[in-house]
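Colleague: File run-v1.txt below, compact mmCIF, C-alpha atoms:
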```txt
# COMPACT_ATOMS: atom_id res chain seq x y z
CA MET F 217 -32.59 -32.62 -32.91
CA LYS F 218 -31.34 -29.08 -33.40
CA GLU F 219 -32.68 -28.18 -30.02
CA ASN F 220 -30.71 -30.97 -28.44
CA VAL F 221 -27.49 -29.77 -30.01
CA GLU F 222 -28.05 -26.30 -28.67
CA LYS F 223 -28.81 -27.62 -25.27
CA SER F 224 -25.67 -29.70 -25.09
CA ASN F 225 -23.66 -26.70 -26.26
CA LEU F 226 -25.02 -24.75 -23.36
CA GLU F 227 -24.09 -27.49 -20.98
CA ASP F 228 -20.60 -27.68 -22.40
CA ARG F 229 -19.91 -24.05 -21.72
CA PRO F 230 -17.23 -23.59 -19.09
CA THR F 231 -19.19 -22.82 -15.97
CA GLN F 232 -18.11 -19.97 -13.79
CA LYS F 233 -17.36 -20.78 -10.22
CA PRO F 234 -20.85 -21.49 -8.89
CA ILE F 235 -20.39 -19.85 -5.48
CA TYR F 236 -20.03 -16.40 -7.07
CA ARG F 237 -22.62 -14.37 -8.91
CA ALA F 238 -21.10 -12.03 -11.52
CA LYS F 239 -20.92 -8.57 -10.04
CA ARG F 240 -20.51 -5.10 -11.46
CA VAL F 241 -17.39 -3.71 -9.90
CA LEU F 242 -16.15 -0.14 -10.23
CA ILE F 243 -12.45 0.25 -9.54
CA VAL F 244 -10.91 3.66 -8.94
CA GLY F 245 -7.19 3.86 -9.69
CA CYS F 246 -5.46 1.88 -12.41
CA GLY F 247 -2.13 1.44 -10.66
CA GLU F 248 -0.43 -1.81 -9.81
CA THR F 249 -3.02 -2.83 -7.22
CA GLY F 250 -5.93 -1.67 -9.38
CA ILE F 251 -4.74 -3.76 -12.30
CA ARG F 252 -4.12 -6.84 -10.19
CA VAL F 253 -7.52 -6.72 -8.55
CA THR F 254 -9.16 -5.99 -11.94
CA ASN F 255 -7.54 -9.06 -13.48
CA LYS F 256 -8.47 -11.27 -10.58
CA LEU F 257 -12.10 -10.13 -10.48
CA SER F 258 -12.40 -10.30 -14.27
CA ASP F 259 -10.99 -13.84 -14.28
CA SER F 260 -13.90 -14.98 -12.18
CA GLY F 261 -16.46 -13.49 -14.56
CA ASN F 262 -17.27 -10.11 -13.04
CA ILE F 263 -17.90 -7.00 -15.12
CA ILE F 264 -15.30 -4.35 -14.36
CA LYS F 265 -15.28 -0.61 -14.89
CA ILE F 266 -11.98 0.99 -14.06
CA MET F 267 -11.40 4.71 -13.67
CA ASP F 268 -8.20 6.72 -13.68
CA LEU F 269 -7.26 10.33 -14.35
CA ASP F 270 -4.57 9.23 -16.78
CA SER F 271 -5.85 7.31 -19.82
CA ASP F 272 -2.33 6.05 -20.71
CA VAL F 273 -2.34 3.55 -17.82
CA PHE F 274 -5.21 1.59 -19.40
CA ALA F 275 -2.68 0.18 -21.90
CA LYS F 276 -1.59 -2.21 -19.14
CA LEU F 277 -5.03 -3.84 -18.97
CA PRO F 278 -5.79 -7.00 -20.99
CA GLN F 279 -6.85 -5.48 -24.33
CA LYS F 280 -8.90 -8.50 -25.36
CA ARG F 281 -11.26 -7.99 -22.44
CA ILE F 282 -11.56 -4.28 -23.19
CA GLU F 283 -12.61 -5.15 -26.75
CA THR F 284 -15.28 -7.48 -25.43
CA THR F 285 -16.28 -4.88 -22.80
CA ARG F 286 -15.67 -7.26 -19.91
CA ILE F 287 -13.38 -4.49 -18.69
CA VAL F 288 -14.41 -0.90 -19.41
CA PRO F 289 -11.80 1.83 -18.84
CA ILE F 290 -13.11 5.32 -18.05
CA THR F 291 -10.98 8.45 -17.80
CA GLY F 292 -12.07 10.56 -14.86
CA ASP F 293 -11.71 11.66 -11.25
CA GLY F 294 -13.08 9.06 -8.85
CA THR F 295 -13.85 11.63 -6.17
CA LEU F 296 -16.23 13.60 -8.40
CA GLU F 297 -19.91 12.78 -8.60
CA ARG F 298 -20.21 13.71 -12.28
CA ASP F 299 -17.31 11.49 -13.33
CA LEU F 300 -18.59 8.55 -11.28
CA ARG F 301 -22.01 9.05 -12.86
CA ARG F 302 -20.40 8.69 -16.28
CA ALA F 303 -19.18 5.30 -15.09
CA ALA F 304 -22.78 4.41 -14.11
CA ALA F 305 -21.75 4.20 -10.46
CA GLN F 306 -25.39 3.89 -9.38
CA GLU F 307 -25.54 0.51 -11.09
CA SER F 308 -22.42 -0.89 -9.45
CA ASP F 309 -22.51 -3.54 -6.75
CA ILE F 310 -19.08 -2.73 -5.41
CA LEU F 311 -16.59 0.13 -5.52
CA ILE F 312 -12.92 -0.50 -4.85
CA ALA F 313 -10.73 2.57 -4.40
CA SER F 314 -7.14 1.58 -4.98
CA THR F 315 -5.25 4.75 -5.85
CA GLY F 316 -1.99 5.58 -4.09
CA SER F 317 -3.70 8.34 -2.10
CA THR F 318 -5.60 7.28 1.02
CA THR F 319 -7.59 10.52 1.07
CA VAL F 320 -8.68 10.15 -2.55
CA ASN F 321 -9.72 6.57 -1.82
CA LEU F 322 -11.73 7.52 1.25
CA MET F 323 -13.46 10.41 -0.50
CA SER F 324 -14.31 8.23 -3.48
CA CYS F 325 -15.74 5.52 -1.22
CA GLN F 326 -17.90 7.99 0.65
CA VAL F 327 -19.28 9.54 -2.55
CA ALA F 328 -20.09 5.98 -3.65
CA LEU F 329 -21.81 5.19 -0.36
CA HIS F 330 -23.79 8.37 0.15
CA VAL F 331 -24.45 9.72 -3.35
CA PHE F 332 -24.77 6.49 -5.32
CA GLN F 333 -25.77 4.11 -2.52
CA ILE F 334 -23.29 1.47 -3.67
CA PRO F 335 -23.80 -1.23 -1.04
CA LYS F 336 -20.19 -2.28 -0.68
CA VAL F 337 -17.18 0.02 -0.77
CA ILE F 338 -13.58 -1.01 -0.23
CA CYS F 339 -10.76 1.41 0.41
CA LEU F 340 -7.02 0.86 0.22
CA SER F 341 -5.24 2.79 2.96
CA ASN F 342 -1.62 3.56 3.74
CA TYR F 343 -2.53 4.18 7.38
CA ASP F 344 -3.44 1.55 9.91
CA TYR F 345 -5.66 3.64 12.18
CA ILE F 346 -7.98 4.67 9.30
CA LYS F 347 -9.67 1.30 9.75
CA ASP F 348 -10.93 2.31 13.21
CA VAL F 349 -12.30 5.67 12.05
CA PHE F 350 -13.91 4.79 8.73
CA GLY F 351 -14.83 1.18 9.44
CA SER F 352 -17.68 2.45 11.60
CA LEU F 353 -18.69 4.87 8.81
CA GLY F 354 -19.43 2.02 6.42
CA VAL F 355 -16.14 1.83 4.51
CA GLU F 356 -14.25 -1.45 4.45
CA VAL F 357 -10.64 -0.38 4.89
CA ILE F 358 -7.79 -2.58 3.74
CA VAL F 359 -4.35 -1.55 4.84
CA ARG F 360 -1.67 -1.74 2.17
CA ASN F 361 0.87 -4.56 2.47
CA GLN F 362 -1.67 -6.76 4.13
CA ALA F 363 -1.97 -9.14 1.18
CA ASN F 364 -4.42 -6.55 -0.07
CA VAL F 365 -5.44 -7.92 -3.45
CA ASP F 366 -6.54 -11.22 -1.96
CA ALA F 367 -8.29 -9.46 0.87
CA MET F 368 -10.19 -7.16 -1.49
CA PHE F 369 -11.18 -10.07 -3.67
CA ASP F 370 -12.45 -12.12 -0.74
CA TYR F 371 -14.41 -9.22 0.66
CA ALA F 372 -15.88 -8.28 -2.72
CA MET F 373 -17.08 -11.83 -3.26
CA MET F 374 -18.40 -12.34 0.26
CA MET I 152 -8.88 28.45 22.85
CA PHE I 153 -6.61 26.28 20.72
CA VAL I 154 -6.91 26.09 16.93
CA VAL I 155 -5.14 23.55 14.71
CA ILE I 156 -4.79 24.51 11.05
CA ALA I 157 -3.88 22.07 8.30
CA GLY I 158 -2.08 23.80 5.45
CA ALA I 159 0.50 26.59 5.61
CA GLY I 160 -0.46 28.14 2.28
CA LYS I 161 -1.96 31.59 1.86
CA VAL I 162 -5.20 30.78 3.67
CA GLY I 163 -3.56 28.84 6.50
CA SER I 164 -0.79 31.32 7.17
CA ASN I 165 -3.02 34.39 7.16
CA LEU I 166 -5.50 32.63 9.40
CA ALA I 167 -2.78 31.56 11.85
CA THR I 168 -1.38 35.09 12.02
CA TRP I 169 -4.82 36.49 12.70
CA ILE I 170 -5.57 33.96 15.45
CA LEU I 171 -2.21 34.58 17.15
CA ASP I 172 -2.75 38.35 16.97
CA ALA I 173 -6.16 37.88 18.54
CA GLY I 174 -4.41 36.23 21.49
CA TYR I 175 -5.30 32.58 20.97
CA GLU I 176 -3.17 29.48 20.69
CA VAL I 177 -2.54 27.99 17.28
CA ALA I 178 -0.67 25.13 15.60
CA VAL I 179 -0.14 24.82 11.85
CA ILE I 180 0.77 21.57 10.11
CA ASP I 181 1.90 21.19 6.49
CA ILE I 182 3.69 18.51 4.53
CA ASP I 183 5.64 21.01 2.41
CA SER I 184 8.95 21.89 4.12
CA THR I 185 9.37 25.13 2.17
CA LYS I 186 6.01 26.45 3.33
CA VAL I 187 6.72 25.34 6.89
CA ARG I 188 10.07 27.13 6.88
CA THR I 189 8.63 30.34 5.43
CA LEU I 190 5.79 30.55 7.91
CA GLY I 191 7.96 29.21 10.75
CA ASN I 192 10.35 32.11 10.28
CA ARG I 193 7.46 34.46 11.04
CA LEU I 194 5.46 32.58 13.65
CA GLY I 195 8.04 30.35 15.34
CA ASP I 196 7.66 26.75 16.46
CA VAL I 197 3.87 26.63 16.21
CA VAL I 198 4.43 25.61 12.58
CA LEU I 199 5.11 21.90 12.23
CA LEU I 200 6.24 19.76 9.33
CA GLY I 201 3.98 16.75 9.02
CA ASP I 202 1.30 14.77 7.26
CA THR I 203 -2.22 15.95 8.06
CA ILE I 204 -3.59 12.43 7.78
CA SER I 205 -0.94 10.75 9.94
CA SER I 206 -2.20 10.15 13.48
CA ASN I 207 1.33 10.57 14.88
CA ASP I 208 1.77 13.98 13.27
CA LEU I 209 -1.69 15.15 14.31
CA GLU I 210 -1.00 14.09 17.89
CA ARG I 211 2.34 15.89 17.76
CA CYS I 212 0.48 19.18 17.22
CA GLY I 213 -1.78 18.47 20.17
CA ILE I 214 -4.93 17.65 18.23
CA SER I 215 -6.64 15.94 21.17
CA ARG I 216 -6.94 19.21 23.09
CA ALA I 217 -7.91 21.34 20.07
CA ASP I 218 -11.15 23.32 20.16
CA ILE I 219 -11.28 24.01 16.44
CA PHE I 220 -9.69 22.29 13.45
CA ILE I 221 -9.46 24.10 10.11
CA ALA I 222 -8.50 22.13 7.00
CA ALA I 223 -7.11 24.70 4.59
CA THR I 224 -4.76 22.75 2.34
CA ASP I 225 -5.07 23.07 -1.42
CA VAL I 226 -6.08 19.43 -1.76
CA GLU I 227 -9.79 18.91 -1.35
CA ASP I 228 -9.78 15.23 -0.42
CA VAL I 229 -7.13 15.85 2.24
CA ASN I 230 -9.35 18.59 3.71
CA LEU I 231 -12.35 16.29 3.87
CA ILE I 232 -10.63 13.24 5.32
CA SER I 233 -8.53 15.13 7.87
CA SER I 234 -11.69 16.90 9.11
CA GLN I 235 -13.42 13.56 9.53
CA VAL I 236 -10.40 12.03 11.28
CA VAL I 237 -10.14 14.84 13.83
CA LYS I 238 -13.90 14.84 14.38
CA TYR I 239 -14.40 11.12 14.83
CA ARG I 240 -11.03 10.00 16.22
CA TYR I 241 -10.00 13.01 18.31
CA GLU I 242 -13.48 14.40 18.98
CA VAL I 243 -12.55 17.97 18.14
CA PRO I 244 -15.77 19.95 18.76
CA LYS I 245 -15.66 22.11 15.64
CA THR I 246 -14.24 21.38 12.20
CA ALA I 247 -13.99 23.62 9.15
CA ALA I 248 -12.78 22.78 5.66
CA VAL I 249 -12.00 24.64 2.46
CA VAL I 250 -13.63 23.20 -0.65
CA PHE I 251 -12.91 24.20 -4.24
CA ASN I 252 -15.47 22.16 -6.14
CA SER I 253 -18.88 23.47 -5.19
CA GLU I 254 -20.18 20.07 -6.23
CA SER I 255 -18.36 18.47 -3.29
CA ALA I 256 -19.57 20.98 -0.70
CA GLU I 257 -22.79 19.13 0.01
CA LEU I 258 -20.88 15.91 0.59
CA PHE I 259 -18.60 17.64 3.12
CA GLU I 260 -21.64 18.82 5.05
CA LEU I 261 -23.28 15.43 4.86
CA LEU I 262 -20.14 13.77 6.18
CA GLY I 263 -20.02 15.88 9.30
CA VAL I 264 -17.78 18.86 8.53
CA ASP I 265 -19.28 21.70 10.60
CA VAL I 266 -18.20 24.67 8.49
CA VAL I 267 -17.71 24.28 4.74
CA LEU I 268 -16.06 27.19 2.94
CA LYS I 269 -16.83 27.15 -0.78
CA VAL I 270 -14.01 29.35 -2.00
CA THR I 271 -14.77 29.10 -5.71
CA ASP I 272 -18.39 30.09 -5.12
CA MET I 273 -17.26 32.99 -2.94
CA ILE I 274 -14.96 34.33 -5.64
CA VAL I 275 -17.54 33.94 -8.41
CA GLN I 276 -20.27 35.56 -6.32
CA GLY I 277 -17.98 38.40 -5.30
CA LEU I 278 -17.05 39.07 -8.89
CA GLN I 279 -20.66 38.91 -10.03
CA GLU I 280 -21.66 41.47 -7.44
CA ARG I 281 -18.80 43.84 -8.13
CA LEU I 282 -18.83 43.56 -11.89
CA SER I 283 -22.58 43.55 -12.32
CA GLU I 284 -22.51 47.21 -13.42
CA SER I 285 -20.30 46.30 -16.36
CA PHE I 286 -22.91 43.96 -17.75
CA ALA I 287 -26.06 45.20 -19.42
CA VAL I 288 -28.10 42.22 -18.24
CA ASP I 289 -28.17 40.51 -14.88
CA LEU I 290 -25.95 37.43 -14.78
```
Transcribe the structure of this file into structure tokens.
Modeller:
Amino acid sequence: MKENVEKSNLEDRPTQKPIYRAKRVLIVGCGETGIRVTNKLSDSGNIIKIMDLDSDVFAKLPQKRIETTRIVPITGDGTLERDLRRAAAQESDILIASTGSTTVNLMSCQVALHVFQIPKVICLSNYDYIKDVFGSLGVEVIVRNQANVDAMFDYAMM
Amino acid sequence: MFVVIAGAGKVGSNLATWILDAGYEVAVIDIDSTKVRTLGNRLGDVVLLGDTISSNDLERCGISRADIFIAATDVEDVNLISSQVVKYRYEVPKTAAVVFNSESAELFELLGVDVVLKVTDMIVQGLQERLSESFAVDL
């Protein structure tokens, strides 16, 4: 009898969207875009680590999810191997670099690709042509103002 | 020979002066208008105000016919990315970049920068060599 109750409880649990498997996502840059993409990815059940140089910006993240470690803020420089290692970058499925600096984002993505072998890296860019250069080097480039949060989400979940 | 230098700071400006004195063509690009004005007063219109990552600004300094590109700004990620851009987009035959974090130097090399100048290492090594007499034990 008890077993049955437990079983039905399991079945009653709100199921996550079945087409997505929960992923471990490392986000570099806790600015407006970083926060929006964090919220969206967290809403669909993914585990988020978010890194920024300035720990004050983490106050804008949903505190409830930080308490339950669904979102883990880490203070550090996303272009440095040692700081990314602190965020367990080697265990991440995806890195999204969303700082305001295109060069920081590109460097962070390439450290992720080549040092940590993260299979999927997404870079926010302020320059259009960057897509042509770094697309062929394994970085998915999303140009700002191109409905970027939705685009990053779709690509991350692909 | 034509050399494009990113960064009109101490490294960039001394380098540009040296290359001009040696009789070669040079262009310097920097985003800081004060630095551009200071160096421009000395070297003339080979110093341009612009963004090292912007394709328009790079093209304005004639990047497509450059033989060597030297990234000598004080921002490491700018040095890396601009070197990659000129190498892969403009096919500049030789790229050099200044790096401050010795940890990042290996990455620069891996990502195709031909000459990586580890300035912090150079300073530390230089000091170790010259100050070694002052220490009783080898550092």
Colleague: Could you state the separation of CA of Ser255 (chain I) and CA of Val267 (chain I) in Å, given to one decimal place?
Modeller: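 Spanning CA of Ser255 (chain I) to CA of Val267 (chain I) is a straight-line distance of 9.9 Å.
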Colleague: Suppose you want the space between CA of His330 (chain F) and CA of Gly354 (chain F); what is it in Å?
Modeller: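 About the pair CA of His330 (chain F) and CA of Gly354 (chain F): they are 9.9 Å apart.
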Colleague: Pick from I:Lys238, I:Arg193, I:Lys269, I:Arg188: nearest to chain F, with all atoms listed in the file counted?
Modeller: I:Lys238
Colleague: Could you list the residues in chain I lying within 7 Å of chain F, using all atoms listed in the file, and format the result as a compact mmCIF listing (two decimals) with C-alpha atoms, in the coordinates of the input?
Modeller:
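In the end it all went to part.txt:
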```txt
# COMPACT_ATOMS: atom_id res chain seq x y z
CA ASP I 228 -9.78 15.23 -0.42
CA VAL I 229 -7.13 15.85 2.24
CA ILE I 232 -10.63 13.24 5.32
CA VAL I 236 -10.40 12.03 11.28
CA TYR I 239 -14.40 11.12 14.83
CA ARG I 240 -11.03 10.00 16.22
```
Colleague: Work out how far CA of Val250 (chain I) is from CA of Leu268 (chain I), in Å to one decimal.
Modeller: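 So the two atoms, CA of Leu268 (chain I) and CA of Val250 (chain I), lie 5.9 Å apart.
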Colleague: Of the residues I:Ile204, I:Ala248, I:Val198, I:Val266, which is the one nearest to Ala167 (chain I), using only C-alpha atoms?
Modeller: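 Counting only C-alpha atoms, the residue closest to Ala167 (chain I) is I:Val198.
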Colleague: For Glu242 (chain I), list every protein, DNA or RNA residue within 10 Å, evaluated using all atoms listed in the file, and leave out those in the same chain fewer than 4 positions away; present the list as JSON, numbers by chain.
Modeller: {"I": [214, 215, 216, 217, 218, 235, 236, 237, 238, 246]}
Colleague: From (-10.8, 1.2, -9.5), in the file's coordinates, out to 10 Å: which residues are reached, counting all atoms listed in the file? Answer as a VMD selection string.
Modeller: chain F and resid 241 to 247 249 to 251 253 to 254 264 to 268 289 to 290 294 311 to 315 321 324 338 to 339
Colleague: List every protein, DNA or RNA residue that has an atom no more than 9 Å from (-17.5, 22.6, -4.9) in the file's coordinate frame, counting all atoms listed in the file, and report them as a ChimeraX atom specification.
Modeller: /I:250-257,269-272
Colleague: Of the candidates F:Lys336, F:Leu329, F:Leu277, F:Asp293, which shows the shortest atom-to-atom distance to Asp309 (chain F), using all atoms listed in the file?
Modeller: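 Of F:Lys336, F:Leu329, F:Leu277, F:Asp293, the one nearest Asp309 (chain F) is F:Lys336, counting all atoms listed in the file.
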